[in-house]
>>> print(open('run19.csv').read())   # CSV, C-alpha atoms
chain,number,residue,atom,x,y,z
A,1,MET,CA,8.5,13.4,47.3
A,2,PRO,CA,7.2,12.3,50.8
A,3,ASP,CA,4.6,9.5,50.7
A,4,SER,CA,5.2,8.8,47.0
A,5,LEU,CA,7.8,7.3,44.6
A,6,GLY,CA,8.2,10.5,42.7
A,7,ARG,CA,11.6,12.2,42.5
A,8,SER,CA,13.8,14.5,40.5
A,9,GLY,CA,17.3,13.7,39.4
A,10,ILE,CA,19.9,13.8,36.6
A,11,ILE,CA,20.8,11.3,33.9
A,12,HIS,CA,24.4,11.7,32.7
A,13,THR,CA,25.2,10.9,29.0
A,14,PRO,CA,28.2,11.4,26.8
A,15,HIS,CA,26.3,14.3,25.1
A,16,GLY,CA,25.0,16.1,28.2
A,17,ASP,CA,22.9,15.7,31.3
A,18,ILE,CA,19.1,15.2,31.4
A,19,GLN,CA,17.3,16.9,34.3
A,20,THR,CA,14.4,14.6,35.3
A,21,PRO,CA,11.5,14.3,35.1
A,22,ALA,CA,11.8,15.1,31.4
A,23,PHE,CA,9.7,14.7,28.3
A,24,ILE,CA,11.6,13.2,25.3
A,25,PRO,CA,10.2,14.1,21.9
A,26,VAL,CA,10.1,11.4,19.3
A,27,ALA,CA,12.2,11.7,16.1
A,28,THR,CA,11.0,8.5,14.5
A,29,LYS,CA,13.2,8.6,11.4
A,30,ALA,CA,15.9,10.8,12.9
A,31,THR,CA,13.6,13.8,12.6
A,32,VAL,CA,10.8,15.3,14.7
A,33,LYS,CA,8.3,15.6,11.9
A,34,THR,CA,8.1,19.2,10.6
A,35,LEU,CA,10.8,20.7,12.9
A,36,THR,CA,14.5,21.4,12.6
A,37,PRO,CA,16.9,20.6,15.4
A,38,GLU,CA,17.2,24.3,16.2
A,39,GLN,CA,13.4,24.5,16.7
A,40,ILE,CA,13.5,21.4,18.9
A,41,HIS,CA,16.2,23.0,21.1
A,42,ALA,CA,14.0,26.1,21.3
A,43,THR,CA,11.2,24.1,22.9
A,44,GLY,CA,13.5,23.3,25.8
A,45,ALA,CA,13.7,19.6,24.9
A,46,GLN,CA,16.8,18.0,26.5
A,47,ALA,CA,17.0,14.8,24.4
A,48,ILE,CA,15.2,13.1,21.5
A,49,LEU,CA,14.4,9.5,20.6
A,50,ALA,CA,14.6,7.7,17.2
A,51,ASN,CA,13.2,4.4,16.1
A,52,ALA,CA,15.6,1.5,15.4
A,53,TYR,CA,13.0,-0.3,13.2
A,54,HIS,CA,12.5,2.7,10.8
A,55,LEU,CA,16.2,3.6,10.6
A,56,TYR,CA,17.1,0.0,10.0
A,57,LEU,CA,14.8,-0.1,7.0
A,58,GLN,CA,15.9,3.4,5.7
A,59,PRO,CA,18.6,4.6,5.3
A,60,GLY,CA,20.2,1.6,7.0
A,61,PRO,CA,22.3,1.5,10.3
A,62,GLU,CA,25.6,1.3,8.5
A,63,ILE,CA,25.1,4.6,6.8
A,64,VAL,CA,24.1,6.2,10.1
A,65,ASP,CA,27.2,4.7,11.7
A,66,GLU,CA,29.4,6.2,9.0
A,67,ALA,CA,27.9,9.6,9.7
A,68,GLY,CA,28.9,9.3,13.4
A,69,GLY,CA,25.6,8.2,14.9
A,70,TRP,CA,22.1,9.3,14.4
A,71,GLY,CA,22.5,12.5,16.5
A,72,LYS,CA,25.3,13.8,14.3
A,73,PHE,CA,23.6,12.5,11.2
A,74,ALA,CA,20.5,14.6,12.2
A,75,ASN,CA,22.5,17.6,13.5
A,76,TRP,CA,21.3,17.1,17.0
A,77,ASP,CA,24.1,17.7,19.6
A,78,GLY,CA,22.2,16.7,22.7
A,79,PRO,CA,21.5,13.3,24.3
A,80,THR,CA,19.8,10.7,22.2
A,81,TYR,CA,17.7,7.6,22.7
A,82,THR,CA,16.8,4.7,20.4
A,83,ASP,CA,14.1,2.2,21.1
A,84,SER,CA,14.8,-1.5,20.3
A,85,GLY,CA,12.5,-1.8,17.2
A,86,GLY,CA,10.4,-4.4,19.1
A,87,PHE,CA,7.4,-2.2,19.4
A,88,GLN,CA,7.2,-1.4,15.7
A,89,VAL,CA,8.0,-5.0,14.6
A,90,MET,CA,5.1,-6.3,16.7
A,91,SER,CA,2.6,-3.4,16.5
A,92,LEU,CA,2.9,-2.9,12.7
A,93,GLY,CA,3.0,-6.6,12.1
A,94,VAL,CA,0.1,-7.6,14.3
A,95,GLY,CA,-2.1,-4.9,12.8
A,96,PHE,CA,-3.3,-3.2,16.0
A,97,LYS,CA,-3.1,0.6,16.3
A,98,LYS,CA,0.4,2.0,16.7
A,99,VAL,CA,-0.3,3.1,20.2
A,100,LEU,CA,-0.3,1.4,23.6
A,101,ALA,CA,-3.5,-0.5,24.0
A,102,MET,CA,-5.3,1.3,26.8
A,103,ASP,CA,-8.8,0.2,25.8
A,104,THR,CA,-9.7,-3.4,24.9
A,105,SER,CA,-13.4,-2.7,24.1
A,106,GLN,CA,-12.6,-2.1,20.4
A,107,TYR,CA,-11.1,-5.6,19.9
A,108,SER,CA,-12.8,-9.0,20.0
A,109,ALA,CA,-11.2,-12.5,20.2
A,110,ALA,CA,-12.0,-12.8,16.5
A,111,ASP,CA,-10.0,-9.6,15.8
A,112,VAL,CA,-7.0,-11.2,17.5
A,113,ARG,CA,-7.3,-14.5,15.6
A,114,ALA,CA,-7.6,-12.6,12.3
A,115,ALA,CA,-4.7,-10.4,13.1
A,116,ARG,CA,-2.5,-13.3,13.9
A,117,ARG,CA,-3.4,-15.1,10.7
A,118,GLU,CA,-2.6,-12.0,8.6
A,119,ARG,CA,0.1,-10.2,10.6
A,120,LEU,CA,3.4,-9.3,9.1
A,121,ALA,CA,5.4,-10.4,12.2
A,122,GLN,CA,5.9,-13.9,13.5
A,123,VAL,CA,7.5,-14.5,16.9
A,124,ASP,CA,9.5,-17.5,18.0
A,125,ASP,CA,11.9,-18.0,20.9
A,126,ASP,CA,14.9,-16.8,19.0
A,127,GLY,CA,13.4,-13.6,17.5
A,128,VAL,CA,10.9,-12.2,15.1
A,129,ASN,CA,10.4,-12.6,11.4
A,130,PHE,CA,8.6,-9.6,9.8
A,131,ARG,CA,8.0,-7.8,6.5
A,132,SER,CA,8.9,-4.3,5.8
A,133,VAL,CA,6.1,-1.7,5.9
A,134,ILE,CA,8.0,0.0,3.0
A,135,ASP,CA,8.2,-2.7,0.4
A,136,GLY,CA,7.1,-6.0,2.0
A,137,SER,CA,10.6,-7.5,2.0
A,138,LYS,CA,11.4,-10.1,4.6
A,139,HIS,CA,13.6,-9.3,7.6
A,140,ARG,CA,14.4,-10.9,11.0
A,141,PHE,CA,15.2,-9.2,14.3
A,142,THR,CA,16.9,-11.0,17.2
A,143,PRO,CA,18.2,-9.6,20.4
A,144,GLU,CA,21.7,-9.6,18.8
A,145,VAL,CA,20.5,-7.9,15.6
A,146,SER,CA,18.7,-5.2,17.7
A,147,MET,CA,21.9,-4.5,19.6
A,148,GLN,CA,24.0,-4.4,16.5
A,149,ILE,CA,21.5,-1.9,14.9
A,150,GLN,CA,21.4,0.3,17.9
A,151,HIS,CA,25.2,0.3,18.3
A,152,HIS,CA,25.4,1.5,14.7
A,153,LEU,CA,22.8,4.2,15.4
A,154,GLY,CA,25.0,5.3,18.3
A,155,ALA,CA,22.3,6.6,20.7
A,156,ASP,CA,23.4,7.4,24.3
A,157,ILE,CA,20.5,5.4,25.7
A,158,MET,CA,19.1,2.3,24.0
A,159,PHE,CA,16.6,-0.4,25.0
A,160,ALA,CA,16.8,-4.2,25.1
A,161,PHE,CA,14.7,-6.1,22.5
A,162,ASP,CA,11.4,-7.1,24.0
A,163,GLU,CA,8.1,-8.6,22.9
A,164,LEU,CA,5.0,-6.4,22.6
A,165,THR,CA,1.8,-8.1,23.7
A,166,THR,CA,-1.7,-6.7,23.8
A,167,LEU,CA,-4.3,-6.7,26.6
A,168,ILE,CA,-6.3,-9.3,24.7
A,169,ASP,CA,-3.5,-11.9,24.9
A,170,THR,CA,-4.2,-14.6,27.5
A,171,ARG,CA,-2.6,-14.9,30.9
A,172,SER,CA,-0.6,-17.9,29.7
A,173,TYR,CA,0.7,-16.1,26.7
A,174,GLN,CA,1.7,-13.1,28.9
A,175,GLU,CA,3.6,-15.5,31.1
A,176,GLU,CA,5.4,-17.0,28.0
A,177,SER,CA,6.2,-13.5,26.7
A,178,VAL,CA,7.7,-12.3,30.0
A,179,ALA,CA,9.9,-15.4,30.1
A,180,ARG,CA,10.9,-14.8,26.4
A,181,THR,CA,11.6,-11.1,27.0
A,182,HIS,CA,13.8,-12.1,30.0
A,183,ARG,CA,15.9,-14.5,27.8
A,184,TRP,CA,16.1,-11.8,25.1
A,185,ALA,CA,17.3,-9.3,27.7
A,186,GLN,CA,20.1,-11.7,28.8
A,187,ARG,CA,21.2,-12.0,25.2
A,188,CYS,CA,21.1,-8.2,24.7
A,189,LEU,CA,23.4,-7.7,27.7
A,190,LEU,CA,25.9,-10.2,26.3
A,191,GLU,CA,25.9,-8.7,22.8
A,192,HIS,CA,25.9,-5.1,24.2
A,193,ASP,CA,29.0,-6.0,26.2
A,194,ARG,CA,30.7,-7.5,23.2
A,195,LEU,CA,30.0,-4.6,20.9
A,196,THR,CA,31.0,-2.1,23.6
A,197,ARG,CA,34.4,-3.7,23.8
A,198,GLN,CA,34.7,-4.0,20.1
A,199,ARG,CA,33.7,-0.3,19.5
A,200,ALA,CA,35.7,1.1,22.4
A,201,ASP,CA,36.5,4.2,20.3
A,202,ARG,CA,32.9,5.2,20.2
A,203,PRO,CA,31.0,7.2,22.9
A,204,LEU,CA,29.8,4.8,25.6
A,205,GLN,CA,26.2,3.7,25.2
A,206,SER,CA,23.8,2.7,28.0
A,207,LEU,CA,21.5,-0.3,27.6
A,208,TRP,CA,18.2,-0.2,29.5
A,209,GLY,CA,16.1,-3.3,30.2
A,210,VAL,CA,12.4,-3.3,29.4
A,211,VAL,CA,9.8,-4.5,31.9
A,212,GLN,CA,6.7,-6.3,30.5
A,213,GLY,CA,3.9,-8.2,32.2
A,214,ALA,CA,0.7,-6.4,31.0
A,215,GLN,CA,-1.6,-5.6,34.0
A,216,TYR,CA,-0.6,-8.5,36.2
A,217,GLU,CA,1.2,-7.4,39.4
A,218,ASP,CA,3.0,-10.7,39.8
A,219,LEU,CA,4.3,-10.7,36.3
A,220,ARG,CA,5.4,-7.1,36.4
A,221,ARG,CA,7.3,-7.7,39.7
A,222,GLN,CA,8.7,-11.0,38.4
A,223,ALA,CA,9.9,-9.3,35.2
A,224,THR,CA,11.5,-6.5,37.1
A,225,ARG,CA,13.3,-8.8,39.5
A,226,GLY,CA,14.4,-11.0,36.6
A,227,LEU,CA,16.1,-8.0,34.9
A,228,LEU,CA,17.8,-7.0,38.2
A,229,GLU,CA,19.2,-10.6,38.5
A,230,LEU,CA,20.6,-10.3,35.0
A,231,ASP,CA,22.1,-7.0,35.8
A,232,ALA,CA,23.7,-8.3,39.0
A,233,GLN,CA,25.1,-11.3,37.2
A,234,ALA,CA,26.6,-9.2,34.4
A,235,ARG,CA,28.3,-6.8,36.8
A,236,ALA,CA,29.6,-9.8,38.9
A,237,GLU,CA,31.2,-11.1,35.8
A,238,GLY,CA,32.8,-7.8,34.9
A,239,ARG,CA,30.3,-7.0,32.1
A,240,ARG,CA,28.1,-4.0,31.6
A,241,GLY,CA,24.7,-4.2,33.2
A,242,PHE,CA,21.6,-2.1,32.7
A,243,GLY,CA,22.0,1.6,33.0
A,244,GLY,CA,18.3,2.1,33.5
A,245,PHE,CA,14.9,0.5,32.8
A,246,GLY,CA,12.0,1.0,30.5
A,247,ILE,CA,8.4,0.3,31.4
A,248,GLY,CA,6.5,-0.8,28.4
A,249,GLY,CA,3.8,-3.1,27.2
A,250,ALA,CA,0.0,-3.4,27.4
A,251,LEU,CA,-1.8,-1.5,30.1
A,252,GLU,CA,-5.1,0.4,30.6
A,253,LYS,CA,-5.1,4.1,31.3
A,254,GLU,CA,-6.7,3.8,34.8
A,255,ASN,CA,-4.0,1.3,35.9
A,256,LEU,CA,-1.0,3.2,34.6
A,257,GLY,CA,0.1,4.7,37.9
A,258,THR,CA,-0.4,1.5,39.8
A,259,ILE,CA,1.7,-0.5,37.3
A,260,VAL,CA,4.5,2.1,37.3
A,261,GLY,CA,4.4,1.9,41.1
A,262,TRP,CA,4.8,-1.9,41.1
A,263,VAL,CA,7.9,-1.6,38.9
A,264,SER,CA,9.4,1.4,40.7
A,265,GLU,CA,9.0,-0.4,44.1
A,266,GLU,CA,11.2,-3.2,42.8
A,267,LEU,CA,13.9,-1.0,41.2
A,268,PRO,CA,16.9,0.5,42.9
A,269,VAL,CA,16.7,4.2,43.4
A,270,ASP,CA,19.9,5.0,41.6
A,271,ARG,CA,18.7,3.8,38.1
A,272,PRO,CA,16.4,5.9,35.9
A,273,ARG,CA,13.0,4.7,34.7
A,274,HIS,CA,11.6,5.5,31.3
A,275,LEU,CA,7.9,5.1,30.5
A,276,LEU,CA,7.5,4.2,26.8
A,277,GLY,CA,4.8,5.9,24.8
A,278,ILE,CA,2.9,8.1,27.2
A,279,SER,CA,2.2,11.9,27.1
A,280,GLU,CA,-1.4,12.8,28.2
A,281,PRO,CA,-1.1,15.3,31.1
A,282,ASP,CA,-2.9,13.1,33.7
A,283,ASP,CA,-0.8,10.1,32.7
A,284,LEU,CA,2.4,12.2,33.1
A,285,PHE,CA,1.4,13.3,36.6
A,286,ASN,CA,0.4,9.7,37.6
A,287,ALA,CA,3.5,8.2,36.2
A,288,ILE,CA,5.8,10.7,37.8
A,289,GLU,CA,4.1,10.4,41.2
A,290,ASN,CA,4.7,6.6,41.0
A,291,GLY,CA,8.4,6.9,40.1
A,292,ALA,CA,8.8,7.4,36.3
A,293,ASP,CA,11.6,9.8,35.3
A,294,THR,CA,11.4,10.2,31.5
A,295,PHE,CA,8.7,9.7,28.8
A,296,ASP,CA,8.5,9.6,25.0
A,297,CYS,CA,5.4,9.8,22.8
A,298,VAL,CA,4.3,10.8,19.3
A,299,ALA,CA,1.0,12.3,20.5
A,300,PRO,CA,2.1,16.0,20.7
A,301,THR,CA,3.6,16.0,17.2
A,302,ARG,CA,0.8,13.9,15.7
A,303,LEU,CA,-1.8,16.2,17.2
A,304,GLY,CA,0.0,19.2,15.9
A,305,ARG,CA,0.1,17.9,12.3
A,306,ARG,CA,-3.7,17.5,12.5
A,307,GLY,CA,-4.2,21.1,13.7
A,308,GLY,CA,-4.6,20.3,17.4
A,309,VAL,CA,-2.9,22.3,20.1
A,310,TYR,CA,-2.6,22.0,23.9
A,311,THR,CA,-3.6,25.0,26.1
A,312,LEU,CA,-3.9,25.4,29.9
A,313,ASP,CA,-7.6,25.0,29.4
A,314,GLY,CA,-7.5,21.8,27.4
A,315,ARG,CA,-6.9,20.9,23.8
A,316,LEU,CA,-8.2,22.9,20.8
A,317,SER,CA,-8.8,21.9,17.3
A,318,LEU,CA,-7.8,24.9,15.2
A,319,LYS,CA,-9.6,23.5,12.2
A,320,SER,CA,-12.9,24.5,13.9
A,321,ALA,CA,-14.7,27.4,12.2
A,322,LYS,CA,-15.0,29.3,15.5
A,323,PHE,CA,-11.3,30.3,15.2
A,324,LYS,CA,-11.7,32.0,11.9
A,325,ARG,CA,-11.8,35.4,13.4
A,326,ASP,CA,-10.0,34.6,16.7
A,327,PHE,CA,-7.0,36.9,16.7
A,328,ARG,CA,-5.7,35.8,20.1
A,329,GLY,CA,-2.6,33.7,20.4
A,330,VAL,CA,-3.0,30.0,20.9
A,331,ASP,CA,-2.6,30.3,24.7
A,332,GLU,CA,-1.6,33.8,25.8
A,333,GLU,CA,-1.2,32.8,29.5
A,334,PHE,CA,1.2,30.0,28.6
A,335,GLY,CA,3.0,32.1,26.0
A,336,GLY,CA,5.8,30.7,23.9
A,337,TYR,CA,7.1,31.5,20.4
A,338,VAL,CA,3.9,30.5,18.5
A,339,THR,CA,1.5,32.3,20.7
A,340,GLU,CA,3.6,35.4,20.7
A,341,ASN,CA,3.9,35.6,16.9
A,342,TYR,CA,0.8,34.0,15.4
A,343,SER,CA,-2.9,34.1,16.0
A,344,ARG,CA,-5.5,31.3,16.2
A,345,ALA,CA,-7.1,32.8,13.1
A,346,TYR,CA,-3.9,32.5,11.1
A,347,LEU,CA,-3.2,29.0,12.3
A,348,HIS,CA,-6.9,28.1,11.5
A,349,HIS,CA,-6.3,29.5,8.0
A,350,LEU,CA,-3.1,27.4,7.6
A,351,VAL,CA,-4.8,24.2,8.8
A,352,ARG,CA,-7.8,24.7,6.5
A,353,ALA,CA,-5.5,25.5,3.6
A,354,LYS,CA,-3.5,22.4,4.3
A,355,GLU,CA,-0.3,24.4,4.4
A,356,TYR,CA,2.8,22.7,5.7
A,357,LEU,CA,3.5,25.6,8.1
A,358,ALA,CA,0.4,24.6,10.0
A,359,GLY,CA,2.0,21.4,11.1
A,360,THR,CA,5.3,23.1,12.0
A,361,LEU,CA,3.7,25.8,14.1
A,362,CYS,CA,1.2,23.6,15.9
A,363,THR,CA,3.9,20.9,16.6
A,364,LEU,CA,6.3,23.6,17.9
A,365,HIS,CA,3.7,24.9,20.3
A,366,ASN,CA,2.8,21.4,21.5
A,367,LEU,CA,6.3,20.3,22.2
A,368,GLU,CA,7.0,23.5,24.0
A,369,PHE,CA,3.9,23.0,26.1
A,370,MET,CA,4.7,19.4,26.9
A,371,VAL,CA,8.3,20.0,27.7
A,372,LYS,CA,7.5,23.0,29.9
A,373,LEU,CA,4.7,21.0,31.7
A,374,VAL,CA,7.2,18.3,32.8
A,375,ASP,CA,9.8,21.0,33.6
A,376,ASN,CA,7.2,22.7,35.9
A,377,ILE,CA,6.4,19.3,37.5
A,378,ARG,CA,10.2,18.9,38.2
A,379,THR,CA,10.2,22.4,39.8
A,380,ALA,CA,7.2,21.6,41.9
A,381,ILE,CA,8.8,18.4,43.1
A,382,ASN,CA,11.9,20.3,44.1
A,383,ASN,CA,9.8,23.0,45.8
A,384,GLY,CA,7.6,20.5,47.6
A,385,ASP,CA,4.5,21.7,45.7
A,386,PHE,CA,3.9,18.7,43.5
A,387,TYR,CA,0.4,17.8,44.7
A,388,ALA,CA,-0.8,21.4,44.7
A,389,TYR,CA,0.5,21.9,41.2
A,390,LYS,CA,-1.1,18.6,40.0
A,391,GLU,CA,-4.5,19.6,41.4
A,392,GLU,CA,-4.3,23.1,40.0
A,393,PHE,CA,-3.1,22.0,36.5
A,394,LEU,CA,-5.4,19.0,36.0
A,395,GLY,CA,-8.4,20.7,37.5
A,396,ARG,CA,-8.1,23.4,34.9
A,397,TYR,CA,-6.9,21.4,31.9
A,398,TYR,CA,-9.7,18.8,32.0
A,399,ALA,CA,-12.5,21.2,33.2
A,400,GLY,CA,-11.8,23.4,30.1
A,401,ARG,CA,-11.3,20.7,27.5
A,402,ILE,CA,-12.8,21.8,24.2
>>> encode(input="run19.csv", output="C-alpha cells")
Amino acid sequence: MPDSLGRSGIIHTPHGDIQTPAFIPVATKATVKTLTPEQIHATGAQAILANAYHLYLQPGPEIVDEAGGWGKFANWDGPTYTDSGGFQVMSLGVGFKKVLAMDTSQYSAADVRAARRERLAQVDDDGVNFRSVIDGSKHRFTPEVSMQIQHHLGADIMFAFDELTTLIDTRSYQEESVARTHRWAQRCLLEHDRLTRQRADRPLQSLWGVVQGAQYEDLRRQATRGLLELDAQARAEGRRGFGGFGIGGALEKENLGTIVGWVSEELPVDRPRHLLGISEPDDLFNAIENGADTFDCVAPTRLGRRGGVYTLDGRLSLKSAKFKRDFRGVDEEFGGYVTENYSRAYLHHLVRAKEYLAGTLCTLHNLEFMVKLVDNIRTAINNGDFYAYKEEFLGRYYAGRI
C-alpha cells in the first residue's frame, strides 16, 4: 500500500498456500474448541495453529508423530502452525493472565515479586524448568527440546523458542531477555537444521524467529537485526534459515501499530510476519497497515463459548435478556451460516440453558466474521481501498458497540 508497510501476498506451505493478510484460528490442543475441521473449513479459514506446550503434555509429541503430524491427527488437511510453547510455559508459570499484557495498571511491583516467588516456571540461560498445569509434574524446555517437539508435531510453520516478558519487567531485564532469546534462536536454527536432515522423509517445515523487546524501539530493532544476522549466517553455512518472523511479547494496545512498524521496517520484504495473539478489529487494521501478514488469537473462540458474538455494529452478549424475543439473525447484513439458520432468541436460549450448541454456533459465527474481515482487508489492499474500508468498518463497529 502507498505510504504504509501494509501489503498482500502468499505464503507457500507443503499443505497449500495462505493468501495474506490472513487470520489463523487457534486449535490449542489440536482442536478449535467446539468445532469440527469441516466447520472450520466452512468459515474460510486457511490454516490453524496448535500449541506445542499442551500437545507435549497430552497426548505427547511421539504419538502425534506416529499419526503423521498434528494436522493429520486432527483431520485437518490445510496448512498448520505450532507455537514454540514458550508463551504458555512462561505465562501459565508466572501467573499473569493468559493474554498479551496490554495494560499494566492492574499489576503492582508487589504482584510481580509474589508471582516470581510462586510461579511454576523458572528461567535460566539454558532453558526453562516448569510444572505441568495438568498434574504439577516437573518438565524442562530448552530450544532443542522445543524444536524436537515441534518437528514431531509436524506443523508447516513453527516458531523459535523465546522468553515471554511482561510490561512490568525492568529495562535491564528486557535487555537480558532479548539477548537470551537471541541465543535461543541460534540454537533453534542449529537443531532445526539437524532435525530437517534427519527427517528428510517428512514434509519440509519452516522455522520462524520471534522478535521480542517489549515497548523499547532500540530493543525491538536490535532483536530483529540479530535474527537477520543469524539467518544470514545459517544460509551462508548451507543451513536452513528463518522462513518468516513472529512478533511477540509485551506491548500496550496503543503502541501495537508502532511496534509492528519498527519490526517491519527492519525485515526483508520477501519474508512473512506473524503477529502473535492479536484479534481485536482495530488491532488488526493497525497491524496490517504496519506490515503484519498473519495473526492468531483465542479471543473469537473464547468469546463465542461465553455467548458473545461479533457484528458489524460491535459485539453482542447474547446472554442478555433483551434478546429473548429477538428473532433476527445474529447479523443479517453480514450473513453467514449461523445468521441464516438461527435467531438471536434461539442462541439466547442456548446460552442461558448452558447448552453445548451455544458455544459451537457462536464460535462458528465469530470465526467466520474474523476470517471474512481479514479477507475483506486483503481485498481492499488489492483494490487500493484500504483506508476507506478501515474508516468505514471501524467507525461503524466501535460506534455501535453494545
>>> residues_around(input="run19.csv", residues="range 211-226 of chain A", least_positions_apart="4", cutoff="9 Å", atoms="only C-alpha atoms", output="count of residues only")
33
>>> residues_around(input="run19.csv", residues="Arg140 in chain A", least_positions_apart="2", cutoff="10 Å", atoms="all atoms listed in the file", output="PyMOL selection string")
chain A and resi 89+121-123+126-131+138+142+145-146
>>> axis_aligned_box(input="run19.csv", around="range 293-302 of chain A", padding_each_side="6 Å", output="AutoDock Vina command-line options")
--center_x 6.2 --center_y 12.8 --center_z 25.5 --size_x 22.8 --size_y 18.4 --size_z 31.6
>>> atom_distance(input="run19.csv", atom1="CA of Leu303 in chain A", atom2="CA of Tyr397 in chain A")
16.4 Å
>>> closest_atom_pairs(input="run19.csv", of="range 136-167 of chain A", to="range 63-72 of chain A", cutoff="6 Å", atoms="all atoms listed in the file", output="tab-separated table")
residue	atom	partner	partner_atom	distance
A:His152	CA	A:Asp65	CA	4.7
A:Leu153	CA	A:Gly69	CA	4.9
A:Gly154	CA	A:Gly69	CA	4.5
>>> closest_residue(input="run19.csv", among="A:Asn341, A:Asp375, A:Ser84, A:Glu289", to="Tyr387 in chain A", atoms="all atoms listed in the file")
A:Glu289
>>> residues_around(input="run19.csv", residues="Gly244 in chain A", least_positions_apart="5", cutoff="6 Å", atoms="all atoms listed in the file", output="mmCIF file with C-alpha atoms, in the coordinates of the input")
data_model
loop_
_atom_site.group_PDB
_atom_site.id
_atom_site.type_symbol
_atom_site.label_atom_id
_atom_site.label_comp_id
_atom_site.auth_asym_id
_atom_site.auth_seq_id
_atom_site.Cartn_x
_atom_site.Cartn_y
_atom_site.Cartn_z
ATOM 1 C CA TRP A 208 18.200 -0.200 29.500
ATOM 2 C CA ARG A 271 18.700 3.800 38.100
ATOM 3 C CA PRO A 272 16.400 5.900 35.900
#
>>> build_atoms(input="run19.csv", residues="range 322-333 of chain A", atoms="N, CA and C atoms", output="compact mmCIF listing (two decimals), in the frame of the given file")
# COMPACT_ATOMS: atom_id res chain seq x y z
N LYS A 322 -14.91 28.21 14.48
CA LYS A 322 -15.00 29.30 15.50
C LYS A 322 -13.71 30.05 15.67
N PHE A 323 -12.62 29.55 15.10
CA PHE A 323 -11.30 30.30 15.20
C PHE A 323 -11.04 31.14 14.01
N LYS A 324 -11.96 31.22 13.10
CA LYS A 324 -11.70 32.00 11.90
C LYS A 324 -11.38 33.42 12.11
N ARG A 325 -12.03 34.02 13.11
CA ARG A 325 -11.80 35.40 13.40
C ARG A 325 -11.25 35.57 14.87
N ASP A 326 -10.58 34.57 15.36
CA ASP A 326 -10.00 34.60 16.70
C ASP A 326 -8.55 35.04 16.60
N PHE A 327 -8.29 36.31 16.90
CA PHE A 327 -7.00 36.90 16.70
C PHE A 327 -6.09 36.84 17.95
N ARG A 328 -6.51 36.06 18.93
CA ARG A 328 -5.70 35.80 20.10
C ARG A 328 -4.59 34.81 19.75
N GLY A 329 -3.54 34.78 20.57
CA GLY A 329 -2.60 33.70 20.40
C GLY A 329 -3.15 32.39 20.88
N VAL A 330 -2.45 31.31 20.60
CA VAL A 330 -3.00 30.00 20.90
C VAL A 330 -3.30 29.91 22.43
N ASP A 331 -2.36 30.32 23.29
CA ASP A 331 -2.60 30.30 24.70
C ASP A 331 -1.76 31.47 25.31
N GLU A 332 -2.39 32.63 25.47
CA GLU A 332 -1.60 33.80 25.80
C GLU A 332 -1.12 33.78 27.27
N GLU A 333 -1.73 32.99 28.12
CA GLU A 333 -1.20 32.80 29.50
C GLU A 333 0.04 31.95 29.46
